[in-house]
Every structure is written in structure tokens, then in C-alpha cells.
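What follows is one structure encoded as C-alpha cells, with my remarks underneath.
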Amino acid sequence: MPTGPSYDVAVVGAGPIGSATARHLADRGASVIVIGPDEPPTFADHQGTWAGYYDQGRLAHVLEVPLITSLLATRSLRRFPELRERTGIEFTAPTHSLSVLPDLADGAPGADWFDRDRLIRNAEDLGVEVTALSERDLHREYPTLRFAPGHVGVVQRDAHILNPRELVRAELFAATAAGARVVRDEVTSLKTTSGGVTLTGKSGAAWRAHHVVVATGAATNMTGLLPRPLQMKTFGATVVLVEVDDPAAVDMPAMMYLKFLDGRLRFGGIVMSPLRYPDGRWYLKVSGNSLLANPLATAEEVAAWVRTGGGDDDVDDALTVLSELMPGQRLGPAHTRPCTVCQTPSGLPVIDRVDARTVIAVEGERGAMAADEIGRLTADLTLRGDWNDGIPQEVFRARWADEFDDVSDKAVPA
């Protein structure tokens, strides 16, 4: 049986969305407990679920096809200075965000993620300055890089690289300073009664709360905490880290590169400028090609994927892309890291009520940059009991597996 206080809200999951939700709840005066495992020290012998935020760099920008995604990110970015000031934790660094994509005028088949005009219109709608770059402009603005022929670009010069680990640390720091309690455990069951909810952890500990927020990311359908699964798919993705001796010698923005040649997409993903990882070394991060190649359905499958360390085939893709982009650049050893992403039917977050006491908050691959705003919306829904935002709640409605046949492919490269 639970001992100790009963909390207003228990947040299950201590990643970007869970920590942000806990922070916004605590800032509004709610008594909050946030429960989630800490980052495992290794993945070679890992058991259980795995979080996508175990990383040093994500793009934080408006160059996203769904306008809602860019709006959520913009709302988060505008609050980041205040969060930095409150916590003293630096979790962003300025960068150019460059999207390179085929020139549709040359006859390449159209698709949402190849639509440069749509990216530009979305940025204009949010009042963010971006610049269209022709093929010639690309070479003039980034003279050390060699892009595939027939490609154009759009750049946001005031974008950021977001460190998701440090973002979580800042959100939890602010949450605890406002009175929240953080417990490093993994919730294995929820039992709802007329008086509230009892949560039980893997350790055997138990807690009580009036309301629960489930923010367990790509593992949500595998936790057994929901009465029925969401319509959502989970995938094992691979991050390739390529070591560089001198980061100052690499003149490259952070970019989304969609390389389309000879009638097909040859590479689609992120190529990140040098990042310093916890081992003290600097790496170029490449990810994307195999994003949807490894579907995972159970916690055991996630654990098995994590233990592989990621797909070795992605190393060749990463080295090929980097060698083409930066001919002559000396590259060090390449390493893979496992990641997990999830895919919703709309490609947008899920923020919705499960029942009178439970709220679900899930975002897949782009959760880090939008997490603070997703957390704010989740906290508001939890405390108010109804929706109170200019974005219609229908946009974020939970779709359950027994309501639809399948999830359409809405995920994009990580």
C-alpha cells in the first residue's frame, strides 16, 4: 500500500515531455511527483525500455512541414531564456538550420518534405525569417560543402541545437525548485479508484495521486499502463556518430538533407555539426535512412534492439554522405547508438484524456524541441479538466488501436 502523501498529479515518465509537464504543474501550485528511470549507463546489456532523448543534439527550428509542429516549437523556444535564467543550465547553442532538398522545378516527384515553398510559408506565418537558396546560392553561402546536383535550400539563421539531456535536467531542476518530487523508478501499474490513482513501481514502492499524466514516449503501448493501446507505431532508429579531432575545422551548419537522385531518395535525415558527447569527444551526428526499418512491438523487442547498439548498415550511409559533403575532411572512427521513435497517425503529438483521472501526452521524433509547450498544454488540461488553447484539441486527440485499421506513414527522419 502507498505510504506518505497523496499528490495532486503523478507524472509517469521523466523525459522531455514528462519533465516539462511536471515543471508547469509545479509552477501552478500543484503537488507533483514525477516518476521515471534514469539514463542507463550502457546499452550492451540493457533490459527494458529506452528513451530517445539520450542524446546531445537535436534541431530546434521552424523548418517543419506541419505548421502545428513549428508553432509548438516556437512557443517552447520563446520560453527557453526564462528557463535558462531560472536554472543556470545551458541547453541550446545557436546554429544555422539548413534544409537541402531536390529542386521540384527539375521534375523530381513532389512530397510534403520536398516542398520548400511550404516550409517558407510556415516560417512566414510564425514571423520567423528564413531565406530561400538556389543551387548556386547554396554553393556560395556554404563554399566548403558539396551538395548533390539539382538541389536547393532554405535556411533559418537564428535556429538552435538543443541538448535534450540538458533540457530534461533544466526542466527537472525547475520542477523540484517549485516543489515537485522526482523518483527514479519505473511505474508498472496504475489502479484507479473513486478516490484517486495508486501507482506501483518496479521497486515495489507505491504512490497515490488524484490525477496521472502518462508521458512514456515510444514505450507507451508497451508499458501496460493504458486500458487499450494507442494507434501508434514504435521503431528502433540508429544514430551514427563520426569522430572529428578539431570541431573548429568543420565548417558546416546543422541540416536536414534530402538527397534525391536517379528517381529515388538516396538519403533523408539529419546531419548535425560537431557535438561534444559525455565521453569528451566531438562527433558529427548522422541519422535518418533506416528510421522506419525496425518496427518494435514489445518491451523485450526494444531491449533487444538497444543491445544491438544500432544498425551497422547506417555507418556506410553516414560516411558516404559526409565524404560527399566535405571532400577532404579527415573523419575519425564511426560509432552507432540505438534510438527509439514513435509515429502517430497525424504526425503530431497526442495530448488527451484517457479517463477522468488520466491524461496521455506523447510525441515521437520531434518531441524535444516542442516538449516545453506540450508540457504546458498537458499541465493545463490536467488541472483545468478541459481544453483552453487556440489550437483545437481535436488536433491532439488520442486515436486508439481499435478505432482505426492502421497508422499512415507520417514520421520523418530523426
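The chains in the C-alpha cells are called A, B, ... from first to last as shown; in each chain the residues are counted from 1, and the ligands are counted from 1 in the order shown.
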Mind checking which residues fall within 12 Å of Leu225 (chain A), counting only C-alpha atoms, ignoring those fewer than 5 positions away in the same chain, and posting them as a PDB file with N, CA, C and O atoms, in the first residue's frame?
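Dumped everything to result01.pdb:
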```pdb
ATOM      1  N   VAL A  12       4.109  10.146 -15.018  1.00  0.00           N
ATOM      2  CA  VAL A  12       4.831   8.905 -15.299  1.00  0.00           C
ATOM      3  C   VAL A  12       5.684   9.139 -16.533  1.00  0.00           C
ATOM      4  O   VAL A  12       5.170   9.333 -17.641  1.00  0.00           O
ATOM      5  N   GLY A  13       6.998   9.133 -16.346  1.00  0.00           N
ATOM      6  CA  GLY A  13       7.928   9.436 -17.423  1.00  0.00           C
ATOM      7  C   GLY A  13       8.672  10.709 -17.125  1.00  0.00           C
ATOM      8  O   GLY A  13       8.055  11.751 -16.881  1.00  0.00           O
ATOM      9  N   GLU A 186      10.424   2.863 -12.207  1.00  0.00           N
ATOM     10  CA  GLU A 186       9.636   2.622 -13.409  1.00  0.00           C
ATOM     11  C   GLU A 186       8.257   2.142 -12.998  1.00  0.00           C
ATOM     12  O   GLU A 186       8.122   1.095 -12.349  1.00  0.00           O
ATOM     13  N   VAL A 187       7.228   2.907 -13.320  1.00  0.00           N
ATOM     14  CA  VAL A 187       5.868   2.549 -12.930  1.00  0.00           C
ATOM     15  C   VAL A 187       5.415   1.333 -13.736  1.00  0.00           C
ATOM     16  O   VAL A 187       5.508   1.310 -14.963  1.00  0.00           O
ATOM     17  N   THR A 188       4.924   0.328 -13.022  1.00  0.00           N
ATOM     18  CA  THR A 188       4.498  -0.914 -13.682  1.00  0.00           C
ATOM     19  C   THR A 188       2.992  -1.103 -13.660  1.00  0.00           C
ATOM     20  O   THR A 188       2.466  -1.930 -14.413  1.00  0.00           O
ATOM     21  N   SER A 189       2.265  -0.342 -12.807  1.00  0.00           N
ATOM     22  CA  SER A 189       0.814  -0.482 -12.801  1.00  0.00           C
ATOM     23  C   SER A 189       0.158   0.783 -12.283  1.00  0.00           C
ATOM     24  O   SER A 189       0.726   1.517 -11.468  1.00  0.00           O
ATOM     25  N   LEU A 190      -1.048   1.033 -12.790  1.00  0.00           N
ATOM     26  CA  LEU A 190      -1.920   2.099 -12.318  1.00  0.00           C
ATOM     27  C   LEU A 190      -3.240   1.472 -11.918  1.00  0.00           C
ATOM     28  O   LEU A 190      -3.817   0.702 -12.688  1.00  0.00           O
ATOM     29  N   LYS A 191      -3.742   1.825 -10.746  1.00  0.00           N
ATOM     30  CA  LYS A 191      -5.042   1.336 -10.308  1.00  0.00           C
ATOM     31  C   LYS A 191      -5.895   2.533  -9.933  1.00  0.00           C
ATOM     32  O   LYS A 191      -5.578   3.264  -8.999  1.00  0.00           O
ATOM     33  N   THR A 192      -6.966   2.740 -10.691  1.00  0.00           N
ATOM     34  CA  THR A 192      -7.824   3.892 -10.476  1.00  0.00           C
ATOM     35  C   THR A 192      -9.031   3.508  -9.635  1.00  0.00           C
ATOM     36  O   THR A 192      -9.679   2.484  -9.878  1.00  0.00           O
ATOM     37  N   VAL A 197      -5.710   7.540  -7.787  1.00  0.00           N
ATOM     38  CA  VAL A 197      -4.945   6.536  -8.527  1.00  0.00           C
ATOM     39  C   VAL A 197      -3.788   6.057  -7.662  1.00  0.00           C
ATOM     40  O   VAL A 197      -3.094   6.871  -7.033  1.00  0.00           O
ATOM     41  N   THR A 198      -3.582   4.748  -7.627  1.00  0.00           N
ATOM     42  CA  THR A 198      -2.417   4.171  -6.968  1.00  0.00           C
ATOM     43  C   THR A 198      -1.437   3.705  -8.029  1.00  0.00           C
ATOM     44  O   THR A 198      -1.811   2.983  -8.964  1.00  0.00           O
ATOM     45  N   LEU A 199      -0.193   4.144  -7.902  1.00  0.00           N
ATOM     46  CA  LEU A 199       0.861   3.772  -8.842  1.00  0.00           C
ATOM     47  C   LEU A 199       1.842   2.857  -8.136  1.00  0.00           C
ATOM     48  O   LEU A 199       2.215   3.119  -6.975  1.00  0.00           O
ATOM     49  N   THR A 200       2.270   1.799  -8.803  1.00  0.00           N
ATOM     50  CA  THR A 200       3.245   0.876  -8.246  1.00  0.00           C
ATOM     51  C   THR A 200       4.465   0.841  -9.154  1.00  0.00           C
ATOM     52  O   THR A 200       4.337   0.789 -10.382  1.00  0.00           O
ATOM     53  N   GLY A 201       5.650   0.878  -8.536  1.00  0.00           N
ATOM     54  CA  GLY A 201       6.894   0.879  -9.282  1.00  0.00           C
ATOM     55  C   GLY A 201       7.552  -0.475  -9.329  1.00  0.00           C
ATOM     56  O   GLY A 201       7.208  -1.391  -8.573  1.00  0.00           O
ATOM     57  N   VAL A 212      -3.173  11.477 -12.984  1.00  0.00           N
ATOM     58  CA  VAL A 212      -1.946  10.907 -13.542  1.00  0.00           C
ATOM     59  C   VAL A 212      -1.758  11.421 -14.963  1.00  0.00           C
ATOM     60  O   VAL A 212      -2.719  11.497 -15.738  1.00  0.00           O
ATOM     61  N   VAL A 213      -0.524  11.774 -15.300  1.00  0.00           N
ATOM     62  CA  VAL A 213      -0.135  12.045 -16.681  1.00  0.00           C
ATOM     63  C   VAL A 213       0.816  10.938 -17.126  1.00  0.00           C
ATOM     64  O   VAL A 213       1.834  10.686 -16.471  1.00  0.00           O
ATOM     65  N   VAL A 214       0.484  10.275 -18.213  1.00  0.00           N
ATOM     66  CA  VAL A 214       1.355   9.240 -18.777  1.00  0.00           C
ATOM     67  C   VAL A 214       2.134   9.869 -19.920  1.00  0.00           C
ATOM     68  O   VAL A 214       1.568  10.264 -20.944  1.00  0.00           O
ATOM     69  N   ALA A 215       3.452   9.993 -19.728  1.00  0.00           N
ATOM     70  CA  ALA A 215       4.334  10.626 -20.717  1.00  0.00           C
ATOM     71  C   ALA A 215       5.519   9.696 -20.947  1.00  0.00           C
ATOM     72  O   ALA A 215       6.662  10.025 -20.620  1.00  0.00           O
ATOM     73  N   THR A 216       5.242   8.539 -21.509  1.00  0.00           N
ATOM     74  CA  THR A 216       6.241   7.481 -21.628  1.00  0.00           C
ATOM     75  C   THR A 216       6.728   7.273 -23.063  1.00  0.00           C
ATOM     76  O   THR A 216       7.329   6.240 -23.374  1.00  0.00           O
ATOM     77  N   ALA A 219       7.596   4.104 -25.681  1.00  0.00           N
ATOM     78  CA  ALA A 219       7.287   2.880 -24.930  1.00  0.00           C
ATOM     79  C   ALA A 219       5.840   2.819 -24.474  1.00  0.00           C
ATOM     80  O   ALA A 219       5.440   1.846 -23.822  1.00  0.00           O
ATOM     81  N   THR A 220       5.034   3.822 -24.805  1.00  0.00           N
ATOM     82  CA  THR A 220       3.702   3.956 -24.214  1.00  0.00           C
ATOM     83  C   THR A 220       2.849   2.703 -24.355  1.00  0.00           C
ATOM     84  O   THR A 220       2.232   2.243 -23.390  1.00  0.00           O
ATOM     85  N   LEU A 230      -2.722   2.846 -27.863  1.00  0.00           N
ATOM     86  CA  LEU A 230      -2.887   3.914 -28.843  1.00  0.00           C
ATOM     87  C   LEU A 230      -2.632   3.383 -30.240  1.00  0.00           C
ATOM     88  O   LEU A 230      -1.887   2.400 -30.429  1.00  0.00           O
ATOM     89  N   VAL A 354      -7.516  10.094 -21.097  1.00  0.00           N
ATOM     90  CA  VAL A 354      -7.794   8.665 -21.186  1.00  0.00           C
ATOM     91  C   VAL A 354      -9.074   8.364 -20.420  1.00  0.00           C
ATOM     92  O   VAL A 354      -9.939   7.618 -20.870  1.00  0.00           O
ATOM     93  N   THR A 358      -6.846  10.397 -15.858  1.00  0.00           N
ATOM     94  CA  THR A 358      -5.605  10.112 -16.582  1.00  0.00           C
ATOM     95  C   THR A 358      -5.531  10.908 -17.870  1.00  0.00           C
ATOM     96  O   THR A 358      -6.489  10.931 -18.648  1.00  0.00           O
ATOM     97  N   VAL A 359      -4.378  11.530 -18.096  1.00  0.00           N
ATOM     98  CA  VAL A 359      -4.082  12.260 -19.335  1.00  0.00           C
ATOM     99  C   VAL A 359      -2.889  11.598 -20.001  1.00  0.00           C
ATOM    100  O   VAL A 359      -1.936  11.180 -19.326  1.00  0.00           O
ATOM    101  N   ILE A 360      -2.923  11.493 -21.324  1.00  0.00           N
ATOM    102  CA  ILE A 360      -1.809  10.939 -22.090  1.00  0.00           C
ATOM    103  C   ILE A 360      -1.139  12.063 -22.869  1.00  0.00           C
ATOM    104  O   ILE A 360      -1.809  12.916 -23.449  1.00  0.00           O
TER     105      ILE A 360
END
```
Which polymer residues have any atom within 7 Å of an atom of region 320-329 of chain A, counting only C-alpha atoms, with same-chain residues fewer than 3 positions away left out, as a short mmCIF file (atom, residue, chain, number, x, y, z; two decimals) with all heavy atoms, in the first residue's frame?
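Wrote result-v9.cif, looks like this:
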```cif
data_model
loop_
_atom_site.label_atom_id
_atom_site.label_comp_id
_atom_site.auth_asym_id
_atom_site.auth_seq_id
_atom_site.Cartn_x
_atom_site.Cartn_y
_atom_site.Cartn_z
N THR A 144 32.38 25.39 -48.53
CA THR A 144 33.17 24.20 -48.20
C THR A 144 32.38 22.91 -48.37
O THR A 144 32.94 21.82 -48.24
CB THR A 144 33.69 24.28 -46.76
OG1 THR A 144 32.59 24.29 -45.86
CG2 THR A 144 34.53 25.53 -46.55
N LEU A 145 31.09 23.03 -48.64
CA LEU A 145 30.24 21.85 -48.75
C LEU A 145 29.91 21.55 -50.21
O LEU A 145 29.83 22.46 -51.04
CB LEU A 145 28.94 22.06 -47.96
CG LEU A 145 29.09 22.34 -46.46
CD1 LEU A 145 27.73 22.53 -45.81
CD2 LEU A 145 29.86 21.21 -45.77
N ARG A 146 29.69 20.28 -50.50
CA ARG A 146 29.37 19.85 -51.86
C ARG A 146 28.05 19.07 -51.82
O ARG A 146 28.01 17.92 -51.40
CB ARG A 146 30.49 18.96 -52.42
CG ARG A 146 31.84 19.66 -52.52
CD ARG A 146 31.82 20.75 -53.58
NE ARG A 146 33.12 21.41 -53.69
CZ ARG A 146 33.46 22.50 -53.04
NH1 ARG A 146 32.59 23.07 -52.20
NH2 ARG A 146 34.65 23.03 -53.18
N PHE A 147 27.00 19.73 -52.26
CA PHE A 147 25.68 19.10 -52.27
C PHE A 147 25.44 18.40 -53.60
O PHE A 147 26.07 18.71 -54.61
CB PHE A 147 24.59 20.15 -52.03
CG PHE A 147 24.74 20.87 -50.72
CD1 PHE A 147 25.24 22.17 -50.67
CD2 PHE A 147 24.41 20.25 -49.53
CE1 PHE A 147 25.38 22.84 -49.48
CE2 PHE A 147 24.55 20.91 -48.32
CZ PHE A 147 25.04 22.21 -48.29
N ASP A 316 27.81 2.99 -43.26
CA ASP A 316 28.21 3.24 -44.65
C ASP A 316 27.46 4.44 -45.23
O ASP A 316 28.05 5.28 -45.93
CB ASP A 316 27.97 2.01 -45.51
CG ASP A 316 28.92 0.88 -45.19
OD1 ASP A 316 29.99 1.16 -44.60
OD2 ASP A 316 28.59 -0.28 -45.51
N ASP A 317 26.15 4.52 -44.95
CA ASP A 317 25.37 5.66 -45.44
C ASP A 317 25.91 6.97 -44.88
O ASP A 317 26.04 7.96 -45.60
CB ASP A 317 23.90 5.51 -45.03
CG ASP A 317 23.19 4.40 -45.78
OD1 ASP A 317 23.65 4.05 -46.88
OD2 ASP A 317 22.18 3.89 -45.27
#
```
With region 159-179 of chain A as the partner and 10 Å as the cut-off, tabulate the residues of region 8-125 of chain A that qualify, each row holding the nearest pair of atoms and their distance in Å to one decimal, using only C-alpha atoms, sorted by chain and rising number, as CSV.
```
residue,atom,partner,partner_atom,distance
A:Ala14,CA,A:Val168,CA,7.7
A:Gly15,CA,A:Val168,CA,6.2
A:Pro16,CA,A:Val168,CA,5.3
A:Ile17,CA,A:Val168,CA,8.5
A:Gly18,CA,A:Val168,CA,8.8
A:Ser19,CA,A:Leu172,CA,5.5
A:Ala20,CA,A:Glu171,CA,5.5
A:Thr21,CA,A:Glu171,CA,8.7
A:Ala22,CA,A:Ala175,CA,6.0
A:Arg23,CA,A:Ala175,CA,4.0
A:His24,CA,A:Ala175,CA,7.5
A:Leu25,CA,A:Ala175,CA,8.2
A:Ala26,CA,A:Ala178,CA,5.5
A:Asp27,CA,A:Ala178,CA,5.9
A:Arg28,CA,A:Ala178,CA,9.0
A:Gly29,CA,A:Ala178,CA,8.0
A:Ala30,CA,A:Gly179,CA,8.6
A:Ser31,CA,A:Gly179,CA,7.0
A:Val32,CA,A:Gly179,CA,7.4
A:Ile33,CA,A:Gly179,CA,9.2
A:Val34,CA,A:Leu172,CA,9.0
A:Glu39,CA,A:Arg165,CA,9.4
A:Gly52,CA,A:Pro164,CA,9.0
A:Tyr53,CA,A:Pro164,CA,5.4
A:Tyr54,CA,A:Arg165,CA,6.1
A:Asp55,CA,A:Pro164,CA,6.3
A:Gln56,CA,A:Asn163,CA,4.7
A:Gly57,CA,A:Asn163,CA,4.7
A:Arg58,CA,A:Leu162,CA,5.0
A:Leu59,CA,A:Ile161,CA,4.9
A:Ala60,CA,A:His160,CA,5.1
A:His61,CA,A:Ala159,CA,5.1
A:Val62,CA,A:Ala159,CA,8.0
A:Leu63,CA,A:Ala159,CA,9.4
A:Leu77,CA,A:His160,CA,9.0
A:Phe80,CA,A:Leu167,CA,9.3
A:Leu83,CA,A:Ala170,CA,7.2
A:Arg84,CA,A:Ala170,CA,7.4
A:Arg86,CA,A:Ala174,CA,6.9
A:Thr87,CA,A:Ala170,CA,6.0
A:Gly88,CA,A:Ala170,CA,8.1
A:Ile89,CA,A:Ala170,CA,6.0
A:Glu90,CA,A:Glu166,CA,7.2
A:Phe91,CA,A:Glu166,CA,5.1
A:Thr92,CA,A:Leu162,CA,4.5
A:Ala93,CA,A:Ile161,CA,5.2
A:Pro94,CA,A:His160,CA,4.4
A:Thr95,CA,A:His160,CA,5.1
A:His96,CA,A:Ala159,CA,5.7
A:Ser97,CA,A:Ala159,CA,5.7
A:Leu98,CA,A:Ala159,CA,9.3
```
* Quick one: residues within 10 Å of Ala73 (chain A), only C-alpha atoms counted, chain neighbours fewer than 6 positions away excluded, as a list of chain:residue names? -> A:Ala60, A:His61, A:Val62, A:Glu64, A:Leu67, A:Arg366, A:Gly367, A:Ala368, A:Met369, A:Ala370, A:Ala371, A:Asp372, A:Glu373, A:Ile374
Would you output that residue set with N, CA and C atoms, as a short mmCIF file (atom, residue, chain, number, x, y, z; two decimals), in the first residue's frame?
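Ended up saving to part20.cif:
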```
data_model
loop_
_atom_site.label_atom_id
_atom_site.label_comp_id
_atom_site.auth_asym_id
_atom_site.auth_seq_id
_atom_site.Cartn_x
_atom_site.Cartn_y
_atom_site.Cartn_z
N ALA A 60 16.37 22.65 -33.25
CA ALA A 60 15.24 23.42 -32.73
C ALA A 60 15.04 24.59 -33.68
N HIS A 61 13.97 24.49 -34.51
CA HIS A 61 13.80 25.42 -35.62
C HIS A 61 12.33 25.42 -36.04
N VAL A 62 12.02 26.18 -37.09
CA VAL A 62 10.65 26.20 -37.60
C VAL A 62 10.54 25.52 -38.96
N GLU A 64 9.72 22.90 -40.40
CA GLU A 64 8.96 21.66 -40.31
C GLU A 64 7.74 21.78 -41.21
N LEU A 67 2.62 22.86 -39.81
CA LEU A 67 2.67 24.17 -39.16
C LEU A 67 2.50 24.06 -37.66
N ARG A 366 10.10 14.46 -32.90
CA ARG A 366 10.44 15.87 -32.73
C ARG A 366 10.06 16.39 -31.36
N GLY A 367 9.95 15.47 -30.37
CA GLY A 367 9.43 15.86 -29.07
C GLY A 367 10.28 16.84 -28.29
N ALA A 368 11.61 16.79 -28.47
CA ALA A 368 12.47 17.60 -27.61
C ALA A 368 12.25 19.09 -27.83
N MET A 369 12.23 19.54 -29.07
CA MET A 369 12.16 20.98 -29.30
C MET A 369 10.78 21.55 -28.95
N ALA A 370 9.74 20.71 -28.99
CA ALA A 370 8.38 21.17 -28.68
C ALA A 370 7.94 20.77 -27.28
N ALA A 371 8.81 20.09 -26.52
CA ALA A 371 8.40 19.46 -25.27
C ALA A 371 7.88 20.46 -24.24
N ASP A 372 8.51 21.62 -24.14
CA ASP A 372 8.07 22.55 -23.10
C ASP A 372 6.63 23.00 -23.35
N GLU A 373 6.27 23.26 -24.61
CA GLU A 373 4.90 23.67 -24.91
C GLU A 373 3.94 22.50 -24.78
N ILE A 374 4.35 21.31 -25.18
CA ILE A 374 3.50 20.13 -24.98
C ILE A 374 3.25 19.94 -23.49
#
```
* Which residue of A:Ile270, A:Val154, A:Ala206, A:Val302 approaches Glu129 (chain A) most closely, using only C-alpha atoms ->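 Closest to Glu129 (chain A) of all the choices is A:Val154.
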* Compile the contact shell of region 258-266 of chain A as number ranges by chain: residues with an atom at most 9 Å away, counting only C-alpha atoms, same-chain residues fewer than 4 positions apart removed. => A: 99-102, 108-109, 113-114, 147-151, 270, 289
Write out the residues from the selection above, keeping all heavy atoms, as a compact mmCIF listing (two decimals), in the first residue's frame.
```txt
# COMPACT_ATOMS: atom_id res chain seq x y z
N SER A 99 17.85 23.31 -44.60
CA SER A 99 17.17 22.20 -45.25
C SER A 99 17.57 22.18 -46.71
O SER A 99 17.40 23.18 -47.42
CB SER A 99 15.65 22.34 -45.13
OG SER A 99 15.23 22.05 -43.82
N VAL A 100 18.13 21.08 -47.15
CA VAL A 100 18.55 20.90 -48.54
C VAL A 100 17.65 19.82 -49.15
O VAL A 100 17.52 18.73 -48.59
CB VAL A 100 20.03 20.49 -48.64
CG1 VAL A 100 20.43 20.24 -50.09
CG2 VAL A 100 20.91 21.56 -48.01
N LEU A 101 17.05 20.12 -50.28
CA LEU A 101 16.06 19.24 -50.86
C LEU A 101 16.06 19.38 -52.38
O LEU A 101 16.58 20.36 -52.92
CB LEU A 101 14.69 19.51 -50.26
CG LEU A 101 14.03 20.88 -50.43
CD1 LEU A 101 12.59 20.82 -49.91
CD2 LEU A 101 14.75 21.98 -49.65
N PRO A 102 15.50 18.40 -53.08
CA PRO A 102 15.55 18.47 -54.55
C PRO A 102 14.75 19.64 -55.08
O PRO A 102 13.72 20.03 -54.51
CB PRO A 102 14.94 17.13 -54.98
CG PRO A 102 14.16 16.65 -53.82
CD PRO A 102 14.87 17.15 -52.62
N ALA A 108 11.63 16.46 -60.13
CA ALA A 108 11.61 15.46 -59.06
C ALA A 108 10.18 15.34 -58.53
O ALA A 108 9.45 16.33 -58.46
CB ALA A 108 12.55 15.86 -57.93
N PRO A 109 9.73 14.12 -58.19
CA PRO A 109 8.36 13.96 -57.71
C PRO A 109 8.13 14.72 -56.41
O PRO A 109 8.99 14.76 -55.54
CB PRO A 109 8.23 12.44 -57.50
CG PRO A 109 9.62 11.95 -57.35
CD PRO A 109 10.47 12.84 -58.19
N TRP A 113 7.74 16.67 -47.70
CA TRP A 113 9.06 17.04 -47.21
C TRP A 113 9.98 17.57 -48.29
O TRP A 113 11.12 17.94 -48.02
CB TRP A 113 9.68 15.88 -46.44
CG TRP A 113 9.12 15.83 -45.07
CD1 TRP A 113 8.07 15.09 -44.62
CD2 TRP A 113 9.53 16.62 -43.96
NE1 TRP A 113 7.80 15.38 -43.31
CE2 TRP A 113 8.69 16.30 -42.88
CE3 TRP A 113 10.53 17.58 -43.78
CZ2 TRP A 113 8.82 16.90 -41.63
CZ3 TRP A 113 10.66 18.18 -42.53
CH2 TRP A 113 9.80 17.83 -41.47
N PHE A 114 9.51 17.61 -49.54
CA PHE A 114 10.29 18.22 -50.61
C PHE A 114 9.73 19.60 -50.99
O PHE A 114 10.16 20.18 -51.98
CB PHE A 114 10.29 17.33 -51.85
CG PHE A 114 10.97 16.00 -51.69
CD1 PHE A 114 10.77 15.00 -52.61
CD2 PHE A 114 11.80 15.75 -50.62
CE1 PHE A 114 11.40 13.77 -52.48
CE2 PHE A 114 12.43 14.53 -50.46
CZ PHE A 114 12.23 13.53 -51.39
N PHE A 147 27.00 19.73 -52.26
CA PHE A 147 25.68 19.10 -52.27
C PHE A 147 25.44 18.40 -53.60
O PHE A 147 26.07 18.71 -54.61
CB PHE A 147 24.59 20.15 -52.03
CG PHE A 147 24.74 20.87 -50.72
CD1 PHE A 147 25.24 22.17 -50.67
CD2 PHE A 147 24.41 20.25 -49.53
CE1 PHE A 147 25.38 22.84 -49.48
CE2 PHE A 147 24.55 20.91 -48.32
CZ PHE A 147 25.04 22.21 -48.29
N ALA A 148 24.50 17.46 -53.60
CA ALA A 148 24.15 16.77 -54.84
C ALA A 148 23.61 17.77 -55.85
O ALA A 148 22.94 18.74 -55.48
CB ALA A 148 23.11 15.69 -54.55
N PRO A 149 23.87 17.56 -57.13
CA PRO A 149 23.35 18.49 -58.15
C PRO A 149 21.82 18.46 -58.17
O PRO A 149 21.19 17.46 -57.84
CB PRO A 149 23.94 17.94 -59.46
CG PRO A 149 24.27 16.51 -59.16
CD PRO A 149 24.66 16.46 -57.72
N GLY A 150 21.24 19.60 -58.57
CA GLY A 150 19.80 19.68 -58.69
C GLY A 150 19.08 19.86 -57.37
O GLY A 150 17.89 19.57 -57.26
N HIS A 151 19.80 20.36 -56.35
CA HIS A 151 19.21 20.57 -55.04
C HIS A 151 19.24 22.04 -54.67
O HIS A 151 20.14 22.79 -55.08
CB HIS A 151 19.93 19.73 -53.98
CG HIS A 151 19.58 18.28 -54.05
ND1 HIS A 151 19.88 17.51 -55.15
CD2 HIS A 151 18.94 17.47 -53.17
CE1 HIS A 151 19.45 16.27 -54.93
NE2 HIS A 151 18.88 16.22 -53.75
N ILE A 270 19.09 13.85 -40.77
CA ILE A 270 19.82 14.93 -40.12
C ILE A 270 21.31 14.72 -40.27
O ILE A 270 21.82 13.60 -40.11
CB ILE A 270 19.46 14.98 -38.61
CG1 ILE A 270 18.01 15.44 -38.43
CG2 ILE A 270 20.40 15.89 -37.85
CD1 ILE A 270 17.76 16.89 -38.78
N ASN A 289 18.30 7.33 -42.49
CA ASN A 289 17.94 6.42 -43.58
C ASN A 289 17.13 5.21 -43.13
O ASN A 289 16.24 4.76 -43.84
CB ASN A 289 19.20 5.95 -44.31
CG ASN A 289 19.36 6.66 -45.65
OD1 ASN A 289 18.71 7.66 -45.92
ND2 ASN A 289 20.23 6.13 -46.50
```
* Report the residues of region 169-401 of chain A whose backbone DSSP state falls under strand (DSSP E or B), written as a ChimeraX atom specification. => /A:181-183,187-193,196-201,206-214,230,233-244,254-261,264-276,282-287,295-296,334-343,350-353,358-362,400
* To do: Could you please determine the separation between CA of Tyr142 (chain A) and CA of Tyr277 (chain A) in Å, to one decimal place?
  =>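 Straight-line distance from CA of Tyr142 (chain A) to CA of Tyr277 (chain A) works out to 25.5 Å.
Each of A:Pro229, A:Pro2, A:Pro247, A:Gly127 was compared to Ala398 (chain A) using only C-alpha atoms, and A:Pro229 turns out to be the nearest.
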* To do: State, in Å with one decimal place, the distance from CA of Trp400 (chain A) to CA of Thr49 (chain A).
  =>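 Interatomic distance, CA of Trp400 (chain A) to CA of Thr49 (chain A): 21.4 Å.
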Return as CSV the residues of region 314-374 of chain A lying at most 8 Å from region 237-241 of chain A, together with the closest atom-to-atom pair for each and the distance in Å to one decimal, counting only C-alpha atoms, with rows in chain order and ascending residue number.
```
residue,atom,partner,partner_atom,distance
A:Asp314,CA,A:Val240,CA,6.9
A:Val315,CA,A:Val240,CA,6.2
A:Ala318,CA,A:Val240,CA,6.8
A:Ala334,CA,A:Leu241,CA,5.5
A:His335,CA,A:Leu241,CA,5.1
A:Thr336,CA,A:Val240,CA,4.6
A:Arg337,CA,A:Val239,CA,5.1
A:Pro338,CA,A:Thr238,CA,5.0
A:Cys339,CA,A:Ala237,CA,4.9
A:Thr340,CA,A:Ala237,CA,5.5
A:Val341,CA,A:Ala237,CA,6.8
```
